>>> print(open('query_8.cif').read())   # mmCIF, C-alpha atoms
data_work
loop_
_atom_site.label_atom_id
_atom_site.label_comp_id
_atom_site.auth_asym_id
_atom_site.auth_seq_id
_atom_site.Cartn_x
_atom_site.Cartn_y
_atom_site.Cartn_z
CA MET T 1 -19.77 -6.37 -7.57
CA LYS T 2 -17.13 -3.82 -8.51
CA ARG T 3 -18.33 -0.64 -10.17
CA TRP T 4 -16.34 2.07 -11.96
CA LEU T 5 -16.38 5.71 -12.93
CA ILE T 6 -14.08 6.58 -15.85
CA ASN T 7 -13.56 10.33 -16.07
CA GLY T 8 -16.78 10.82 -14.14
CA VAL T 9 -18.88 8.48 -16.31
CA SER T 10 -20.16 5.06 -15.26
CA ALA T 11 -18.08 2.67 -17.38
CA ALA T 12 -15.55 -0.16 -17.12
CA GLN T 13 -13.42 0.32 -20.26
CA ILE T 14 -10.51 2.55 -21.20
CA ASP T 15 -8.95 3.49 -24.53
CA VAL T 16 -6.30 0.93 -25.58
CA ASN T 17 -4.04 3.92 -26.39
CA ASP T 18 -4.13 5.05 -22.77
CA ARG T 19 -0.56 5.32 -21.47
CA GLY T 20 -1.52 3.68 -18.20
CA PHE T 21 -2.51 0.57 -20.14
CA ALA T 22 0.33 0.73 -22.67
CA TYR T 23 3.25 1.70 -20.40
CA GLY T 24 2.09 1.67 -16.79
CA ASP T 25 2.41 5.46 -16.99
CA GLY T 26 0.38 6.39 -13.95
CA LEU T 27 -0.39 6.00 -10.26
CA PHE T 28 -2.99 4.44 -8.02
CA GLU T 29 -4.33 4.62 -4.48
CA THR T 30 -6.19 1.92 -2.55
CA ILE T 31 -8.45 3.36 0.13
CA ALA T 32 -10.43 1.56 2.83
CA VAL T 33 -14.06 2.62 3.12
CA ARG T 34 -15.26 2.17 6.68
CA ASN T 35 -18.60 3.34 8.10
CA GLY T 36 -19.23 5.15 4.83
CA MET T 37 -16.03 7.21 5.12
CA LEU T 38 -12.91 7.25 2.92
CA ARG T 39 -10.30 6.42 5.57
CA PHE T 40 -7.28 8.75 5.54
CA PHE T 41 -8.42 10.22 2.22
CA GLY T 42 -6.43 13.41 2.85
CA ALA T 43 -3.19 11.45 3.27
CA HIS T 44 -3.90 9.37 0.15
CA PHE T 45 -4.57 12.50 -1.86
CA ALA T 46 -1.43 14.21 -0.56
CA ARG T 47 0.69 11.26 -1.69
CA LEU T 48 -1.06 11.31 -5.08
CA VAL T 49 -0.26 15.01 -5.50
CA VAL T 50 3.42 14.53 -4.68
CA SER T 51 3.69 11.57 -7.05
CA CYS T 52 1.86 13.35 -9.89
CA ARG T 53 4.28 16.25 -9.60
CA ARG T 54 7.28 13.93 -9.57
CA LEU T 55 6.03 12.31 -12.79
CA GLY T 56 5.12 15.63 -14.41
CA MET T 57 1.42 14.72 -14.55
CA ALA T 58 -1.55 16.99 -14.00
CA VAL T 59 -2.85 16.93 -10.41
CA PRO T 60 -6.54 16.01 -9.98
CA GLU T 61 -8.85 18.36 -8.14
CA GLN T 62 -9.32 17.12 -4.58
CA ASP T 63 -12.95 18.03 -3.95
CA ALA T 64 -14.09 16.66 -7.31
CA LEU T 65 -12.19 13.42 -6.72
CA ALA T 66 -13.67 12.98 -3.24
CA GLU T 67 -17.18 13.77 -4.51
CA SER T 68 -16.90 11.19 -7.31
CA ALA T 69 -15.57 8.60 -4.87
CA GLN T 70 -18.43 9.14 -2.43
CA GLN T 71 -20.91 9.02 -5.31
CA LEU T 72 -19.51 5.66 -6.39
CA CYS T 73 -19.68 4.23 -2.87
CA GLY T 74 -23.33 5.21 -2.67
CA SER T 75 -25.08 3.67 0.32
CA ASP T 76 -22.44 0.97 0.87
CA ARG T 77 -20.72 1.47 4.21
CA GLU T 78 -17.81 -0.94 3.83
CA GLY T 79 -15.52 -1.70 0.92
CA THR T 80 -12.36 -0.87 -0.98
CA LEU T 81 -11.93 2.12 -3.26
CA LYS T 82 -9.26 2.26 -5.96
CA ILE T 83 -8.23 5.49 -7.70
CA ILE T 84 -6.15 5.19 -10.87
CA ILE T 85 -4.65 8.26 -12.52
CA SER T 86 -2.88 7.71 -15.84
CA ARG T 87 -1.16 10.31 -17.99
CA GLY T 88 -3.93 9.80 -20.54
CA VAL T 89 -4.31 8.78 -24.18
CA GLY T 90 -1.25 9.37 -26.36
CA GLU T 91 0.53 8.33 -29.50
CA ARG T 92 2.86 5.34 -29.68
CA GLY T 93 6.27 5.83 -28.06
CA TYR T 94 7.70 6.35 -24.60
CA ARG T 95 8.05 10.12 -24.85
CA PRO T 96 5.21 11.71 -22.86
CA PRO T 97 2.87 13.95 -24.91
CA VAL T 98 3.31 17.67 -24.37
CA SER T 99 -0.42 18.19 -24.00
CA VAL T 100 -2.62 15.37 -22.76
CA THR T 101 -5.72 14.96 -20.60
CA PRO T 102 -5.22 12.53 -17.71
CA THR T 103 -7.49 9.54 -17.30
CA CYS T 104 -9.12 9.17 -13.89
CA ALA T 105 -10.64 5.78 -13.08
CA ILE T 106 -12.31 5.18 -9.73
CA GLY T 107 -13.40 1.67 -8.76
CA PHE T 108 -15.32 0.52 -5.69
CA THR T 109 -15.79 -3.02 -4.38
CA PRO T 110 -18.36 -3.47 -1.60
CA GLU T 111 -16.85 -5.93 0.88
CA PRO T 112 -16.47 -6.37 4.64
CA ALA T 113 -13.34 -5.25 6.43
CA PRO T 114 -10.66 -7.98 6.56
CA GLN T 115 -10.52 -10.04 9.72
CA ILE T 116 -7.07 -10.15 11.32
CA PRO T 117 -6.26 -13.62 12.77
CA HIS T 118 -5.83 -13.35 16.54
CA ASN T 119 -2.43 -15.05 16.45
CA GLY T 120 -1.33 -13.30 13.26
CA ILE T 121 -0.67 -14.44 9.72
CA ARG T 122 2.00 -16.64 8.19
CA ALA T 123 4.43 -15.22 5.65
CA ARG T 124 7.33 -16.36 3.50
CA VAL T 125 10.40 -14.85 1.86
CA CYS T 126 10.06 -14.39 -1.91
CA ALA T 127 12.73 -15.22 -4.47
CA THR T 128 11.57 -12.40 -6.77
CA ARG T 129 13.54 -9.22 -6.06
CA ILE T 130 12.25 -5.66 -6.21
CA SER T 131 14.07 -3.14 -8.40
CA SER T 132 15.98 -0.18 -7.02
CA ASN T 133 15.36 3.19 -8.67
CA PRO T 134 15.28 6.48 -6.72
CA ALA T 135 13.31 8.10 -9.57
CA THR T 136 10.25 6.00 -8.69
CA ALA T 137 10.97 4.99 -5.08
CA GLY T 138 8.15 5.71 -2.67
CA MET T 139 5.46 6.13 -5.33
CA LYS T 140 2.57 3.76 -5.98
CA THR T 141 2.96 3.50 -9.74
CA LEU T 142 0.96 1.25 -12.05
CA ASN T 143 4.05 -0.93 -12.60
CA ARG T 144 3.39 -3.88 -10.25
CA LEU T 145 4.82 -6.76 -12.30
CA GLU T 146 7.46 -7.59 -9.69
CA GLN T 147 4.76 -7.91 -7.04
CA VAL T 148 2.70 -10.09 -9.41
CA LEU T 149 5.67 -12.42 -9.93
CA ALA T 150 6.40 -12.55 -6.20
CA ARG T 151 2.78 -13.34 -5.35
CA SER T 152 2.71 -16.11 -7.96
CA GLU T 153 5.43 -17.97 -6.05
CA TRP T 154 2.96 -19.65 -3.69
CA ASP T 155 -0.61 -20.95 -3.68
CA ASP T 156 -0.73 -22.19 -0.09
CA PRO T 157 -3.86 -20.59 1.46
CA ALA T 158 -2.18 -20.70 4.87
CA ILE T 159 0.36 -18.09 3.72
CA ASP T 160 -0.99 -14.54 3.41
CA GLU T 161 2.04 -12.46 2.50
CA GLY T 162 5.55 -12.63 1.07
CA ILE T 163 8.60 -10.51 1.91
CA MET T 164 10.52 -8.91 -0.95
CA ARG T 165 14.19 -7.92 -1.01
CA ASP T 166 16.17 -5.68 -3.34
CA SER T 167 19.06 -6.89 -5.52
CA ASP T 168 21.50 -6.34 -2.63
CA GLY T 169 19.47 -8.59 -0.33
CA TYR T 170 18.03 -5.83 1.86
CA LEU T 171 14.46 -6.31 3.08
CA ILE T 172 12.09 -3.81 1.49
CA CYS T 173 8.41 -4.71 1.87
CA GLY T 174 5.67 -7.28 1.51
CA THR T 175 4.03 -7.91 -1.85
CA GLN T 176 1.14 -5.66 -0.77
CA SER T 177 2.40 -4.07 2.41
CA ASN T 178 5.14 -2.32 4.33
CA LEU T 179 7.33 -4.21 6.79
CA PHE T 180 8.17 -3.54 10.45
CA VAL T 181 10.38 -5.47 12.87
CA VAL T 182 10.41 -5.21 16.67
CA SER T 183 13.83 -6.04 18.08
CA GLY T 184 15.83 -4.99 21.11
CA GLY T 185 12.99 -2.84 22.42
CA ARG T 186 12.98 -0.77 19.21
CA LEU T 187 10.85 -0.59 16.10
CA TRP T 188 12.63 -0.96 12.75
CA THR T 189 11.44 -0.47 9.19
CA PRO T 190 13.31 -0.53 5.87
CA VAL T 191 14.64 2.66 4.28
CA LEU T 192 12.63 3.31 1.11
CA ASP T 193 14.83 5.78 -0.75
CA GLN T 194 15.67 3.32 -3.54
CA SER T 195 12.53 1.18 -3.83
CA GLY T 196 9.23 0.35 -2.16
CA VAL T 197 6.15 2.46 -1.46
CA HIS T 198 5.69 5.13 1.19
CA GLY T 199 2.54 3.52 2.55
CA ILE T 200 -0.19 5.56 4.17
CA MET T 201 -0.51 3.16 7.10
CA ARG T 202 3.29 3.03 7.41
CA ALA T 203 3.25 6.80 7.86
CA GLN T 204 0.53 6.47 10.52
CA VAL T 205 2.64 3.93 12.44
CA LEU T 206 5.76 6.11 12.23
CA ASN T 207 3.75 9.08 13.48
CA LEU T 208 2.25 7.04 16.33
CA ALA T 209 5.66 5.74 17.34
CA GLU T 210 7.00 9.28 17.59
CA GLU T 211 3.90 10.44 19.46
CA GLN T 212 4.11 7.56 21.95
CA GLY T 213 7.85 7.75 22.50
CA ILE T 214 8.66 4.44 20.79
CA ASP T 215 12.21 4.36 19.46
CA CYS T 216 11.82 3.77 15.71
CA ARG T 217 14.64 3.48 13.17
CA GLU T 218 14.54 3.45 9.37
CA GLN T 219 17.48 1.31 8.34
CA ARG T 220 18.74 -1.19 5.79
CA PHE T 221 18.70 -4.75 7.09
CA THR T 222 18.86 -8.27 5.72
CA LEU T 223 17.15 -11.59 6.42
CA GLY T 224 19.22 -11.96 9.58
CA ALA T 225 17.01 -9.33 11.21
CA LEU T 226 14.09 -11.78 11.03
CA ASP T 227 16.13 -14.36 12.98
CA GLU T 228 16.75 -11.87 15.79
CA ALA T 229 13.31 -10.22 15.77
CA ASP T 230 10.98 -10.37 18.76
CA ASP T 231 8.00 -9.54 16.54
CA VAL T 232 7.22 -8.73 12.91
CA PHE T 233 4.23 -7.05 11.34
CA PHE T 234 3.07 -5.65 8.02
CA THR T 235 0.96 -2.56 7.38
CA ASN T 236 -1.38 -1.59 4.58
CA ALA T 237 -4.37 0.66 4.04
CA ARG T 238 -6.99 -2.10 4.23
CA VAL T 239 -5.91 -3.87 7.43
CA GLY T 240 -3.87 -1.40 9.45
CA ILE T 241 -1.37 -3.67 11.22
CA TRP T 242 -1.08 -7.28 10.06
CA PRO T 243 0.72 -9.17 12.86
CA VAL T 244 2.92 -12.08 11.79
CA ALA T 245 2.72 -15.43 13.57
CA GLY T 246 5.58 -16.94 11.60
CA ILE T 247 7.89 -16.57 8.61
CA ASP T 248 9.14 -19.90 7.31
CA GLU T 249 10.54 -21.62 10.45
CA HIS T 250 10.52 -18.50 12.65
CA VAL T 251 7.67 -18.02 15.15
CA TYR T 252 6.80 -14.68 16.74
CA GLU T 253 4.76 -13.61 19.77
CA ARG T 254 2.90 -10.30 19.99
CA HIS T 255 5.21 -7.72 21.53
CA ALA T 256 4.01 -4.88 23.75
CA ILE T 257 5.15 -2.38 21.09
CA THR T 258 2.97 -4.05 18.45
CA ARG T 259 -0.03 -4.11 20.77
CA GLN T 260 0.51 -0.46 21.70
CA LEU T 261 0.61 0.58 18.05
CA MET T 262 -2.49 -1.47 17.20
CA LEU T 263 -4.35 0.20 20.04
CA GLY T 264 -3.19 3.60 18.80
CA LEU T 265 -4.36 2.88 15.24
CA ALA T 266 -7.72 1.69 16.57
CA GLY T 267 -8.02 5.10 18.24
CA ARG T 268 -7.46 6.71 14.84
CA GLY T 269 -10.33 4.80 13.25
CA VAL T 270 -8.55 1.65 12.10
CA SER T 271 -11.19 -0.68 13.51
CA GLU T 272 -9.38 -3.81 12.26
CA CYS T 273 -6.74 -3.21 14.95
CA ALA T 274 -9.22 -3.08 17.83
CA ASP T 275 -9.24 -6.03 20.24
#
>>> encode(input="query_8.cif", output="structure tokens")
Amino acid sequence: MKRWLINGVSAAQIDVNDRGFAYGDGLFETIAVRNGMLRFFGAHFARLVVSCRRLGMAVPEQDALAESAQQLCGSDREGTLKIIISRGVGERGYRPPVSVTPTCAIGFTPEPAPQIPHNGIRARVCATRISSNPATAGMKTLNRLEQVLARSEWDDPAIDEGIMRDSDGYLICGTQSNLFVVSGGRLWTPVLDQSGVHGIMRAQVLNLAEEQGIDCREQRFTLGALDEADDVFFTNARVGIWPVAGIDEHVYERHAITRQLMLGLAGRGVSECAD
């Protein structure tokens, strides 16, 4: 059962005047808890700091946040932690208050680590497009309505993820993940300067690729890239690498590059990627 700390107090309610509730004025992080540890907590916190500064919000104190998170996890060794930082309670209107105390909500769900299908997952292309806006690109804001609409497009349990494009038709991400394509002996991933989220696991994969000498390009590409791809995979904080078995009529086999990256992530503590 999910449990919450709201501003350090055990609770599950927020003020209806909170700007996170009223306007989506805030940020969140989703962190995998494995073997009692907050996986890549430092990277999650670093992204939160950058995003808070971009939005002109107060930055939480790292040690206090980590201590509260560990307190909430208690003796549970596996689960998912969610940190929500909103600008706080304010008066009606879009203009941010000059002086306001942020709201910090930390939620924890005890649950086993996801199991990655040996042959990969099936995915589809979504009709819902993702907005382009460099002012919010890269950040994990509380505004997820486009992802909600995209995920509502299917109820087939055999399909685990959907690919989202921007208004120009360029591939951006999955509804809950970042996207990678293996093609021509190279690794490709969408440029995220106009939309999408700079995922923590995406950053790990980019770092691994550089470390292992894998040619990796950030580029804009369209659906045609999926036709030509040798392999496709998603990344997110809870699963590491999510290999794709097929997208619509396209079928993919695990490429050596994908296997190499999964092995590298397993070595960094992403147990879901271990054989």
>>> atom_distance(input="query_8.cif", atom1="CA of Asn236 (chain T)", atom2="CA of Thr30 (chain T)")
9.3 Å
>>> atom_distance(input="query_8.cif", atom1="CA of Asp230 (chain T)", atom2="CA of Ile163 (chain T)")
17.0 Å
>>> resolve_selection(input="query_8.cif", expression="the PyMOL selection byres ((chain T and resi 60-76) around 7)", output="MDAnalysis selection string")
chainID T and resid 8 36 58:59 77:78 106 108 110
>>> resolve_selection(input="query_8.cif", expression="the PyMOL selection byres ((chain T and resi 17) around 10)", output="ChimeraX atom specification")
/T:14-16,18-23,88-92
>>> residues_around(input="query_8.cif", residues="Thr222 (chain T)", least_positions_apart="5", cutoff="7 Å", atoms="all atoms listed in the file", output="ChimeraX atom specification")
/T:169-171
>>> resolve_selection(input="query_8.cif", expression="the PyMOL selection byres ((chain T and resi 50) around 12)", output="MDAnalysis selection string")
chainID T and resid 27 43:49 51:60 136 138:140 198
>>> atom_distance(input="query_8.cif", atom1="CA of Gly162 (chain T)", atom2="CA of Gly246 (chain T)")
11.4 Å
>>> closest_residue(input="query_8.cif", among="T:Ala203, T:Val244, T:Ala135, T:Ile130", to="Val182 (chain T)", atoms="all atoms listed in the file")
T:Val244
>>> residues_around(input="query_8.cif", residues="Thr80 (chain T)", least_positions_apart="2", cutoff="6 Å", atoms="only C-alpha atoms", output="PyMOL selection string")
chain T and resi 31-33+108-109
>>> closest_residue(input="query_8.cif", among="T:Cys173, T:Gly199, T:Arg238, T:Val205", to="Phe221 (chain T)", atoms="all atoms listed in the file")
T:Cys173
